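Colleague: Structure file model_26.txt (compact mmCIF, N, CA and C atoms) right here:
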# COMPACT_ATOMS: atom_id res chain seq x y z
N MET A 811 21.81 30.63 -13.59
CA MET A 811 20.46 30.10 -13.47
C MET A 811 20.37 29.29 -12.18
N SER A 812 19.26 29.37 -11.48
CA SER A 812 19.12 28.70 -10.19
C SER A 812 18.71 27.25 -10.36
N ASP A 813 18.93 26.49 -9.31
CA ASP A 813 18.51 25.09 -9.32
C ASP A 813 17.00 24.96 -9.35
N ALA A 814 16.29 25.90 -8.78
CA ALA A 814 14.83 25.83 -8.73
C ALA A 814 14.23 25.85 -10.13
N ALA A 815 14.86 26.55 -11.07
CA ALA A 815 14.34 26.60 -12.44
C ALA A 815 14.57 25.30 -13.17
N ASP A 816 15.58 24.53 -12.75
CA ASP A 816 15.91 23.28 -13.43
C ASP A 816 15.10 22.10 -12.93
N ARG A 817 14.42 22.24 -11.80
CA ARG A 817 13.70 21.11 -11.22
C ARG A 817 12.32 20.96 -11.83
N ASP A 818 11.84 19.72 -11.85
CA ASP A 818 10.52 19.41 -12.39
C ASP A 818 9.47 19.71 -11.32
N PRO A 819 8.50 20.61 -11.58
CA PRO A 819 7.52 20.97 -10.56
C PRO A 819 6.61 19.82 -10.16
N VAL A 820 6.29 18.91 -11.09
CA VAL A 820 5.42 17.78 -10.76
C VAL A 820 6.12 16.85 -9.79
N THR A 821 7.37 16.53 -10.08
CA THR A 821 8.14 15.65 -9.21
C THR A 821 8.33 16.29 -7.85
N ASP A 822 8.61 17.60 -7.82
CA ASP A 822 8.79 18.29 -6.56
C ASP A 822 7.50 18.28 -5.74
N ALA A 823 6.36 18.46 -6.40
CA ALA A 823 5.08 18.46 -5.69
C ALA A 823 4.80 17.08 -5.11
N GLU A 824 5.09 16.02 -5.87
CA GLU A 824 4.88 14.66 -5.37
C GLU A 824 5.81 14.39 -4.19
N ALA A 825 7.06 14.84 -4.28
CA ALA A 825 8.01 14.63 -3.20
C ALA A 825 7.58 15.39 -1.96
N ASP A 826 7.11 16.63 -2.13
CA ASP A 826 6.64 17.41 -0.99
C ASP A 826 5.44 16.75 -0.34
N ALA A 827 4.52 16.23 -1.16
CA ALA A 827 3.34 15.56 -0.61
C ALA A 827 3.75 14.30 0.15
N ALA A 828 4.70 13.58 -0.39
CA ALA A 828 5.17 12.37 0.28
C ALA A 828 5.85 12.73 1.61
N ASP A 829 6.64 13.81 1.61
CA ASP A 829 7.30 14.22 2.83
C ASP A 829 6.31 14.71 3.87
N ASP A 830 5.28 15.44 3.45
CA ASP A 830 4.29 15.96 4.38
C ASP A 830 3.49 14.84 5.03
N ALA A 831 3.24 13.76 4.31
CA ALA A 831 2.41 12.67 4.82
C ALA A 831 3.21 11.65 5.60
N THR A 832 4.50 11.82 5.70
CA THR A 832 5.35 10.85 6.35
C THR A 832 5.60 11.26 7.80
N VAL A 833 5.47 10.30 8.68
CA VAL A 833 5.79 10.53 10.08
C VAL A 833 7.22 10.04 10.28
N ARG A 834 8.08 10.93 10.66
CA ARG A 834 9.48 10.57 10.83
C ARG A 834 9.74 10.13 12.27
N VAL A 835 10.39 9.01 12.41
CA VAL A 835 10.81 8.53 13.72
C VAL A 835 12.31 8.75 13.80
N PRO A 836 12.77 9.39 14.84
CA PRO A 836 14.22 9.59 14.95
C PRO A 836 14.95 8.26 14.95
N GLU A 837 16.00 8.18 14.18
CA GLU A 837 16.78 6.94 14.10
C GLU A 837 17.40 6.59 15.45
N GLU A 838 17.54 7.60 16.33
CA GLU A 838 18.13 7.31 17.63
C GLU A 838 17.09 6.80 18.63
N ALA A 839 15.82 6.67 18.20
CA ALA A 839 14.80 6.11 19.08
C ALA A 839 15.19 4.69 19.46
N ALA A 840 14.73 4.27 20.60
CA ALA A 840 15.09 2.94 21.10
C ALA A 840 14.66 1.86 20.10
N LEU A 841 15.52 0.86 19.98
CA LEU A 841 15.24 -0.22 19.04
C LEU A 841 13.93 -0.93 19.37
N TRP A 842 13.62 -1.08 20.64
CA TRP A 842 12.39 -1.77 21.02
C TRP A 842 11.15 -1.01 20.57
N ARG A 843 11.27 0.30 20.33
CA ARG A 843 10.15 1.08 19.82
C ARG A 843 10.03 1.00 18.30
N ARG A 844 11.18 0.81 17.65
CA ARG A 844 11.17 0.75 16.18
C ARG A 844 11.02 -0.66 15.64
N LEU A 845 11.45 -1.65 16.40
CA LEU A 845 11.46 -3.03 15.93
C LEU A 845 10.09 -3.56 15.51
N PRO A 846 9.02 -3.34 16.28
CA PRO A 846 7.71 -3.83 15.82
C PRO A 846 7.29 -3.22 14.47
N TRP A 847 7.61 -1.94 14.27
CA TRP A 847 7.28 -1.31 12.99
C TRP A 847 8.11 -1.90 11.86
N LEU A 848 9.38 -2.18 12.13
CA LEU A 848 10.24 -2.80 11.10
C LEU A 848 9.76 -4.20 10.74
N ILE A 849 9.40 -4.98 11.75
CA ILE A 849 8.90 -6.34 11.51
C ILE A 849 7.58 -6.28 10.75
N GLY A 850 6.68 -5.40 11.17
CA GLY A 850 5.41 -5.25 10.47
C GLY A 850 5.60 -4.81 9.02
N GLY A 851 6.51 -3.88 8.80
CA GLY A 851 6.80 -3.43 7.44
C GLY A 851 7.39 -4.53 6.59
N GLY A 852 8.32 -5.28 7.16
CA GLY A 852 8.93 -6.39 6.42
C GLY A 852 7.92 -7.47 6.06
N LEU A 853 7.08 -7.84 7.02
CA LEU A 853 6.06 -8.86 6.74
C LEU A 853 5.04 -8.36 5.70
N SER A 854 4.64 -7.10 5.82
CA SER A 854 3.70 -6.54 4.85
C SER A 854 4.29 -6.51 3.45
N LEU A 855 5.55 -6.11 3.36
CA LEU A 855 6.20 -6.08 2.05
C LEU A 855 6.33 -7.49 1.49
N LEU A 856 6.67 -8.45 2.33
CA LEU A 856 6.76 -9.84 1.89
C LEU A 856 5.42 -10.33 1.35
N LEU A 857 4.34 -10.05 2.08
CA LEU A 857 3.01 -10.46 1.60
C LEU A 857 2.66 -9.75 0.29
N GLY A 858 3.04 -8.48 0.17
CA GLY A 858 2.79 -7.75 -1.07
C GLY A 858 3.52 -8.36 -2.25
N VAL A 859 4.76 -8.75 -2.04
CA VAL A 859 5.54 -9.38 -3.12
C VAL A 859 4.94 -10.74 -3.47
N ILE A 860 4.54 -11.51 -2.48
CA ILE A 860 3.90 -12.80 -2.74
C ILE A 860 2.60 -12.57 -3.52
N GLY A 861 1.90 -11.48 -3.19
CA GLY A 861 0.65 -11.15 -3.88
C GLY A 861 0.81 -10.87 -5.36
N ILE A 862 2.02 -10.54 -5.79
CA ILE A 862 2.26 -10.35 -7.22
C ILE A 862 2.04 -11.67 -7.96
N PHE A 863 2.40 -12.77 -7.31
CA PHE A 863 2.35 -14.08 -7.96
C PHE A 863 1.09 -14.88 -7.62
N LEU A 864 0.46 -14.61 -6.48
CA LEU A 864 -0.76 -15.31 -6.08
C LEU A 864 -1.97 -14.41 -6.35
N PRO A 865 -2.88 -14.86 -7.17
CA PRO A 865 -3.99 -13.99 -7.55
C PRO A 865 -4.96 -13.67 -6.41
N LEU A 866 -4.99 -14.44 -5.34
CA LEU A 866 -5.94 -14.19 -4.27
C LEU A 866 -5.39 -13.27 -3.19
N LEU A 867 -4.15 -12.86 -3.29
CA LEU A 867 -3.52 -12.01 -2.29
C LEU A 867 -3.24 -10.64 -2.91
N PRO A 868 -3.79 -9.56 -2.34
CA PRO A 868 -3.60 -8.24 -2.95
C PRO A 868 -2.20 -7.70 -2.68
N THR A 869 -1.65 -6.98 -3.63
CA THR A 869 -0.31 -6.41 -3.49
C THR A 869 -0.36 -4.99 -2.94
N THR A 870 -1.17 -4.14 -3.53
CA THR A 870 -1.16 -2.71 -3.20
C THR A 870 -1.40 -2.43 -1.72
N PRO A 871 -2.43 -3.00 -1.08
CA PRO A 871 -2.63 -2.67 0.34
C PRO A 871 -1.45 -3.06 1.23
N PHE A 872 -0.82 -4.17 0.91
CA PHE A 872 0.32 -4.60 1.73
C PHE A 872 1.54 -3.70 1.52
N VAL A 873 1.74 -3.22 0.30
CA VAL A 873 2.85 -2.30 0.06
C VAL A 873 2.60 -0.97 0.76
N LEU A 874 1.36 -0.48 0.73
CA LEU A 874 1.03 0.76 1.43
C LEU A 874 1.20 0.59 2.94
N LEU A 875 0.80 -0.57 3.46
CA LEU A 875 0.98 -0.84 4.88
C LEU A 875 2.47 -0.91 5.23
N ALA A 876 3.27 -1.49 4.36
CA ALA A 876 4.71 -1.56 4.59
C ALA A 876 5.31 -0.15 4.65
N ALA A 877 4.89 0.72 3.76
CA ALA A 877 5.38 2.11 3.77
C ALA A 877 4.98 2.80 5.07
N PHE A 878 3.75 2.57 5.51
CA PHE A 878 3.27 3.15 6.77
C PHE A 878 4.14 2.69 7.93
N CYS A 879 4.40 1.39 7.99
CA CYS A 879 5.21 0.83 9.08
C CYS A 879 6.66 1.32 9.01
N PHE A 880 7.23 1.31 7.82
CA PHE A 880 8.62 1.75 7.68
C PHE A 880 8.78 3.23 8.03
N ALA A 881 7.75 4.05 7.77
CA ALA A 881 7.82 5.47 8.11
C ALA A 881 7.97 5.65 9.62
N ARG A 882 7.48 4.71 10.38
CA ARG A 882 7.56 4.80 11.83
C ARG A 882 8.73 4.01 12.41
N GLY A 883 9.35 3.17 11.60
CA GLY A 883 10.42 2.32 12.12
C GLY A 883 11.80 2.63 11.59
N SER A 884 11.89 3.07 10.34
CA SER A 884 13.20 3.31 9.75
C SER A 884 13.08 4.24 8.55
N ALA A 885 13.69 5.39 8.64
CA ALA A 885 13.67 6.34 7.53
C ALA A 885 14.38 5.75 6.31
N ARG A 886 15.42 4.96 6.56
CA ARG A 886 16.18 4.37 5.45
C ARG A 886 15.34 3.36 4.68
N CYS A 887 14.61 2.48 5.40
CA CYS A 887 13.76 1.49 4.72
C CYS A 887 12.62 2.18 3.98
N GLU A 888 12.06 3.21 4.60
CA GLU A 888 10.98 3.93 3.94
C GLU A 888 11.48 4.62 2.68
N ALA A 889 12.65 5.25 2.75
CA ALA A 889 13.20 5.93 1.57
C ALA A 889 13.47 4.92 0.45
N TRP A 890 13.95 3.74 0.81
CA TRP A 890 14.18 2.71 -0.21
C TRP A 890 12.87 2.31 -0.88
N LEU A 891 11.83 2.11 -0.07
CA LEU A 891 10.55 1.67 -0.62
C LEU A 891 9.90 2.76 -1.47
N VAL A 892 9.93 4.01 -1.00
CA VAL A 892 9.35 5.11 -1.76
C VAL A 892 10.13 5.35 -3.05
N GLY A 893 11.43 5.09 -3.03
CA GLY A 893 12.25 5.27 -4.22
C GLY A 893 12.25 4.07 -5.15
N HIS A 894 11.60 2.99 -4.77
CA HIS A 894 11.57 1.78 -5.59
C HIS A 894 10.83 2.06 -6.90
N PRO A 895 11.36 1.62 -8.04
CA PRO A 895 10.71 1.94 -9.32
C PRO A 895 9.33 1.32 -9.50
N ARG A 896 9.05 0.21 -8.87
CA ARG A 896 7.75 -0.46 -9.03
C ARG A 896 6.74 -0.03 -7.96
N PHE A 897 7.20 0.02 -6.71
CA PHE A 897 6.29 0.31 -5.60
C PHE A 897 6.21 1.79 -5.25
N GLY A 898 7.28 2.52 -5.49
CA GLY A 898 7.35 3.93 -5.10
C GLY A 898 6.23 4.81 -5.65
N PRO A 899 5.94 4.74 -6.97
CA PRO A 899 4.89 5.62 -7.50
C PRO A 899 3.52 5.42 -6.86
N MET A 900 3.16 4.17 -6.54
CA MET A 900 1.84 3.96 -5.92
C MET A 900 1.81 4.53 -4.51
N ILE A 901 2.93 4.49 -3.81
CA ILE A 901 2.98 5.05 -2.46
C ILE A 901 2.88 6.57 -2.52
N VAL A 902 3.60 7.18 -3.44
CA VAL A 902 3.57 8.64 -3.58
C VAL A 902 2.17 9.10 -3.97
N GLN A 903 1.53 8.40 -4.91
CA GLN A 903 0.17 8.77 -5.31
C GLN A 903 -0.80 8.63 -4.14
N TRP A 904 -0.65 7.58 -3.37
CA TRP A 904 -1.54 7.38 -2.23
C TRP A 904 -1.36 8.48 -1.19
N ARG A 905 -0.11 8.82 -0.91
CA ARG A 905 0.15 9.85 0.09
C ARG A 905 -0.26 11.24 -0.40
N ALA A 906 -0.13 11.48 -1.68
CA ALA A 906 -0.45 12.81 -2.20
C ALA A 906 -1.95 13.09 -2.21
N ASN A 907 -2.75 12.13 -2.68
CA ASN A 907 -4.18 12.41 -2.79
C ASN A 907 -5.05 11.17 -2.60
N ARG A 908 -4.54 10.18 -1.88
CA ARG A 908 -5.30 8.97 -1.59
C ARG A 908 -5.89 8.36 -2.86
N ALA A 909 -5.09 8.33 -3.91
CA ALA A 909 -5.54 7.83 -5.21
C ALA A 909 -4.95 6.45 -5.48
N VAL A 910 -5.75 5.62 -6.18
CA VAL A 910 -5.34 4.27 -6.55
C VAL A 910 -5.43 4.17 -8.08
N PRO A 911 -4.42 3.61 -8.72
CA PRO A 911 -4.49 3.47 -10.18
C PRO A 911 -5.70 2.64 -10.62
N LEU A 912 -6.26 3.00 -11.77
CA LEU A 912 -7.44 2.30 -12.29
C LEU A 912 -7.16 0.82 -12.49
N ARG A 913 -6.00 0.49 -13.00
CA ARG A 913 -5.66 -0.92 -13.22
C ARG A 913 -5.66 -1.70 -11.90
N ALA A 914 -5.16 -1.09 -10.83
CA ALA A 914 -5.16 -1.76 -9.53
C ALA A 914 -6.59 -1.98 -9.04
N LYS A 915 -7.45 -1.00 -9.26
CA LYS A 915 -8.86 -1.16 -8.88
C LYS A 915 -9.51 -2.29 -9.66
N GLN A 916 -9.28 -2.32 -10.95
CA GLN A 916 -9.88 -3.36 -11.79
C GLN A 916 -9.38 -4.75 -11.39
N MET A 917 -8.08 -4.87 -11.17
CA MET A 917 -7.51 -6.16 -10.77
C MET A 917 -8.05 -6.59 -9.41
N ALA A 918 -8.17 -5.66 -8.48
CA ALA A 918 -8.68 -6.00 -7.15
C ALA A 918 -10.12 -6.49 -7.25
N TRP A 919 -10.95 -5.80 -8.02
CA TRP A 919 -12.35 -6.23 -8.18
C TRP A 919 -12.43 -7.61 -8.81
N GLY A 920 -11.63 -7.84 -9.83
CA GLY A 920 -11.64 -9.14 -10.50
C GLY A 920 -11.20 -10.27 -9.58
N MET A 921 -10.13 -10.04 -8.82
CA MET A 921 -9.63 -11.07 -7.91
C MET A 921 -10.60 -11.31 -6.75
N MET A 922 -11.23 -10.23 -6.27
CA MET A 922 -12.20 -10.42 -5.19
C MET A 922 -13.43 -11.19 -5.69
N ALA A 923 -13.85 -10.93 -6.91
CA ALA A 923 -14.99 -11.67 -7.46
C ALA A 923 -14.64 -13.15 -7.63
N LEU A 924 -13.45 -13.42 -8.14
CA LEU A 924 -13.00 -14.81 -8.30
C LEU A 924 -12.89 -15.51 -6.94
N SER A 925 -12.30 -14.83 -5.97
CA SER A 925 -12.16 -15.40 -4.63
C SER A 925 -13.52 -15.68 -4.01
N SER A 926 -14.46 -14.77 -4.19
CA SER A 926 -15.80 -14.95 -3.63
C SER A 926 -16.50 -16.14 -4.26
N ALA A 927 -16.34 -16.29 -5.57
CA ALA A 927 -16.96 -17.43 -6.26
C ALA A 927 -16.36 -18.75 -5.78
N ILE A 928 -15.06 -18.79 -5.61
CA ILE A 928 -14.41 -20.01 -5.12
C ILE A 928 -14.85 -20.31 -3.70
N ALA A 929 -14.91 -19.28 -2.85
CA ALA A 929 -15.35 -19.48 -1.47
C ALA A 929 -16.79 -19.98 -1.42
N TRP A 930 -17.65 -19.45 -2.30
CA TRP A 930 -19.05 -19.88 -2.34
C TRP A 930 -19.13 -21.36 -2.67
N ALA A 931 -18.27 -21.81 -3.57
CA ALA A 931 -18.31 -23.21 -4.00
C ALA A 931 -17.66 -24.15 -2.98
N VAL A 932 -16.72 -23.65 -2.19
CA VAL A 932 -15.93 -24.53 -1.34
C VAL A 932 -16.35 -24.50 0.13
N MET A 933 -16.74 -23.36 0.62
CA MET A 933 -17.03 -23.23 2.06
C MET A 933 -18.35 -23.90 2.44
N PRO A 934 -18.32 -24.78 3.43
CA PRO A 934 -19.56 -25.45 3.83
C PRO A 934 -20.46 -24.57 4.72
N VAL A 935 -19.85 -23.65 5.48
CA VAL A 935 -20.60 -22.80 6.39
C VAL A 935 -20.38 -21.34 6.00
N LEU A 936 -21.44 -20.57 5.94
CA LEU A 936 -21.39 -19.15 5.61
C LEU A 936 -20.64 -18.86 4.30
N PRO A 937 -21.01 -19.49 3.22
CA PRO A 937 -20.28 -19.27 1.98
C PRO A 937 -20.43 -17.85 1.43
N TRP A 938 -21.40 -17.10 1.90
CA TRP A 938 -21.63 -15.74 1.42
C TRP A 938 -20.77 -14.71 2.14
N LEU A 939 -20.16 -15.06 3.27
CA LEU A 939 -19.40 -14.11 4.07
C LEU A 939 -18.22 -13.48 3.32
N PRO A 940 -17.38 -14.25 2.62
CA PRO A 940 -16.30 -13.60 1.86
C PRO A 940 -16.82 -12.63 0.80
N ALA A 941 -17.95 -12.96 0.17
CA ALA A 941 -18.50 -12.07 -0.85
C ALA A 941 -18.95 -10.74 -0.24
N VAL A 942 -19.55 -10.80 0.94
CA VAL A 942 -19.98 -9.57 1.62
C VAL A 942 -18.77 -8.71 1.99
N CYS A 943 -17.72 -9.34 2.54
CA CYS A 943 -16.50 -8.61 2.89
C CYS A 943 -15.85 -8.00 1.65
N CYS A 944 -15.75 -8.79 0.60
CA CYS A 944 -15.15 -8.30 -0.64
C CYS A 944 -15.97 -7.17 -1.25
N LEU A 945 -17.29 -7.27 -1.16
CA LEU A 945 -18.14 -6.21 -1.68
C LEU A 945 -17.91 -4.91 -0.92
N ALA A 946 -17.80 -4.99 0.40
CA ALA A 946 -17.56 -3.79 1.20
C ALA A 946 -16.21 -3.16 0.84
N VAL A 947 -15.18 -3.97 0.73
CA VAL A 947 -13.86 -3.46 0.35
C VAL A 947 -13.90 -2.90 -1.08
N GLY A 948 -14.59 -3.59 -1.98
CA GLY A 948 -14.68 -3.14 -3.36
C GLY A 948 -15.38 -1.80 -3.50
N ILE A 949 -16.44 -1.60 -2.74
CA ILE A 949 -17.15 -0.31 -2.79
C ILE A 949 -16.25 0.80 -2.25
N TRP A 950 -15.57 0.52 -1.14
CA TRP A 950 -14.64 1.52 -0.59
C TRP A 950 -13.55 1.84 -1.60
N LEU A 951 -12.98 0.81 -2.22
CA LEU A 951 -11.91 1.00 -3.19
C LEU A 951 -12.38 1.79 -4.40
N TRP A 952 -13.55 1.49 -4.89
CA TRP A 952 -14.04 2.16 -6.10
C TRP A 952 -14.34 3.63 -5.84
N ARG A 953 -14.68 3.98 -4.60
CA ARG A 953 -15.01 5.37 -4.26
C ARG A 953 -13.75 6.23 -4.10
N LEU A 954 -12.59 5.60 -3.98
CA LEU A 954 -11.35 6.37 -3.87
C LEU A 954 -11.04 7.04 -5.20
N PRO A 955 -10.33 8.16 -5.18
CA PRO A 955 -9.93 8.80 -6.43
C PRO A 955 -9.03 7.87 -7.25
N THR A 956 -9.15 8.00 -8.57
CA THR A 956 -8.34 7.20 -9.48
C THR A 956 -7.11 7.99 -9.88
N ALA A 957 -5.95 7.34 -9.79
CA ALA A 957 -4.69 8.00 -10.14
C ALA A 957 -4.45 7.91 -11.62
Mind turning the file's structure into structure tokens?
Modeller:
Amino acid sequence: MSDAADRDPVTDAEADAADDATVRVPEEAALWRRLPWLIGGGLSLLLGVIGIFLPLLPTTPFVLLAAFCFARGSARCEAWLVGHPRFGPMIVQWRANRAVPLRAKQMAWGMMALSSAIAWAVMPVLPWLPAVCCLAVGIWLWRLPTA
């Protein structure tokens, strides 16, 4: 029996989609060309992890940005992030069909509404500006396919 018959077609399709959407940078590329992408990916991932604990900081966009940066800076870091049990599935879903899980959409809308209300109460100048920005992001997010 061949290996192809033993493999899961859904997992293979997700892996193929992730591979097709990934821009590979040769590891032998000059460090000065890869370093900004590595730093950007590291900072984005750090902000994403902090966002797990701080309700006003989103996690998903920063993790997706980290994957984008790592794809251009280090194949090893990108493979680690895509293979991560918590962050990997959202990256694969995003790369496969630009889909966001319903729970992530709901949490983002709730946190943006809370942040907008706090900004309205606290900001002395232009208190409506965060609400307008959050509304624009929320509409864009809601129009994306749901995973």
Colleague: As a PyMOL selection string, list the residues of region 845-952 of chain A assigned to alpha helix (DSSP H) by DSSP on the backbone atoms of this structure.
Modeller: chain A and resi 845-863+870-883+885-892+898-907+912-932+939-952
Colleague: Could you state the separation of atom C of Arg905 (chain A) and atom C of Leu891 (chain A) in Å, given to one decimal place?
Modeller: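 Value for the atom C of Arg905 (chain A)-atom C of Leu891 (chain A) distance: 13.3 Å.
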Colleague: Under the rule that only C-alpha atoms are counted, which of A:Gly850, A:Pro895, A:Ala909, A:Met900 is the nearest residue to Ala881 (chain A)?
Modeller: A:Gly850
Colleague: Just give me the gap between CA of Met922 (chain A) and CA of Leu936 (chain A) in Å, one decimal is fine.
Modeller: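 Separation between CA of Met922 (chain A) and CA of Leu936 (chain A): 16.7 Å.
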Colleague: I'd like to know which of A:Val935, A:Val947, A:Ala957, A:Ala876 is closest to Pro846 (chain A), using only C-alpha atoms.
Modeller: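 Of A:Val935, A:Val947, A:Ala957, A:Ala876, the one nearest Pro846 (chain A), counting only C-alpha atoms, is A:Ala876.
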Colleague: Padding of 5 Å on every side, edges along x, y and z, all listed atoms of region 855-861 of chain A included: what centre and edge lengths in Å, to one decimal, does that box have, as AutoDock Vina command-line options?
Modeller:
--center_x 3.7 --center_y -9.4 --center_z -1.0 --size_x 16.1 --size_y 16.7 --size_z 18.7
Colleague: Could you work out how far CA of Ala914 (chain A) lies from atom N of Leu945 (chain A), giving the answer in Å with one decimal?
Modeller: 15.7 Å
Colleague: Calculated over only N, CA and C atoms, which of the candidates A:Val873, A:Ile860, A:Ile928, A:Leu951 has the smallest distance to Phe897 (chain A)?
Modeller: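 Result for the nearest residue to Phe897 (chain A): A:Val873.
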Colleague: Ranking A:Ile901, A:Ala923, A:Ala931, A:Leu874 by minimum distance to Cys944 (chain A) and counting all atoms listed in the file, which one comes first?
Modeller: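 Ranked by minimum distance to Cys944 (chain A), first place goes to A:Ala923.
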Colleague: Excluding Gly851 (chain A) and any residue of its chain fewer than 4 positions from it, enumerate the residues within 6.5 Å of it, using all atoms listed in the file, and give them as a JSON list (two decimals) with N, CA and C atoms, keeping the file's coordinate frame.
Modeller:
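Wrote it out as part.json, contents follow:
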[["chain", "number", "residue", "atom", "x", "y", "z"],
["A", 846, "PRO", "N", 9.02, -3.34, 16.28],
["A", 846, "PRO", "CA", 7.71, -3.83, 15.82],
["A", 846, "PRO", "C", 7.29, -3.22, 14.47],
["A", 847, "TRP", "N", 7.61, -1.94, 14.27],
["A", 847, "TRP", "CA", 7.28, -1.31, 12.99],
["A", 847, "TRP", "C", 8.11, -1.90, 11.86],
["A", 855, "LEU", "N", 5.55, -6.11, 3.36],
["A", 855, "LEU", "CA", 6.20, -6.08, 2.05],
["A", 855, "LEU", "C", 6.33, -7.49, 1.49],
["A", 856, "LEU", "N", 6.67, -8.45, 2.33],
["A", 856, "LEU", "CA", 6.76, -9.84, 1.89],
["A", 856, "LEU", "C", 5.42, -10.33, 1.35],
["A", 875, "LEU", "N", 0.80, -0.57, 3.46],
["A", 875, "LEU", "CA", 0.98, -0.84, 4.88],
["A", 875, "LEU", "C", 2.47, -0.91, 5.23],
["A", 876, "ALA", "N", 3.27, -1.49, 4.36],
["A", 876, "ALA", "CA", 4.71, -1.56, 4.59],
["A", 876, "ALA", "C", 5.31, -0.15, 4.65],
["A", 877, "ALA", "N", 4.89, 0.72, 3.76],
["A", 877, "ALA", "CA", 5.38, 2.11, 3.77],
["A", 877, "ALA", "C", 4.98, 2.80, 5.07],
["A", 879, "CYS", "N", 4.40, 1.39, 7.99],
["A", 879, "CYS", "CA", 5.21, 0.83, 9.08],
["A", 879, "CYS", "C", 6.66, 1.32, 9.01],
["A", 880, "PHE", "N", 7.23, 1.31, 7.82],
["A", 880, "PHE", "CA", 8.62, 1.75, 7.68],
["A", 880, "PHE", "C", 8.78, 3.23, 8.03]]
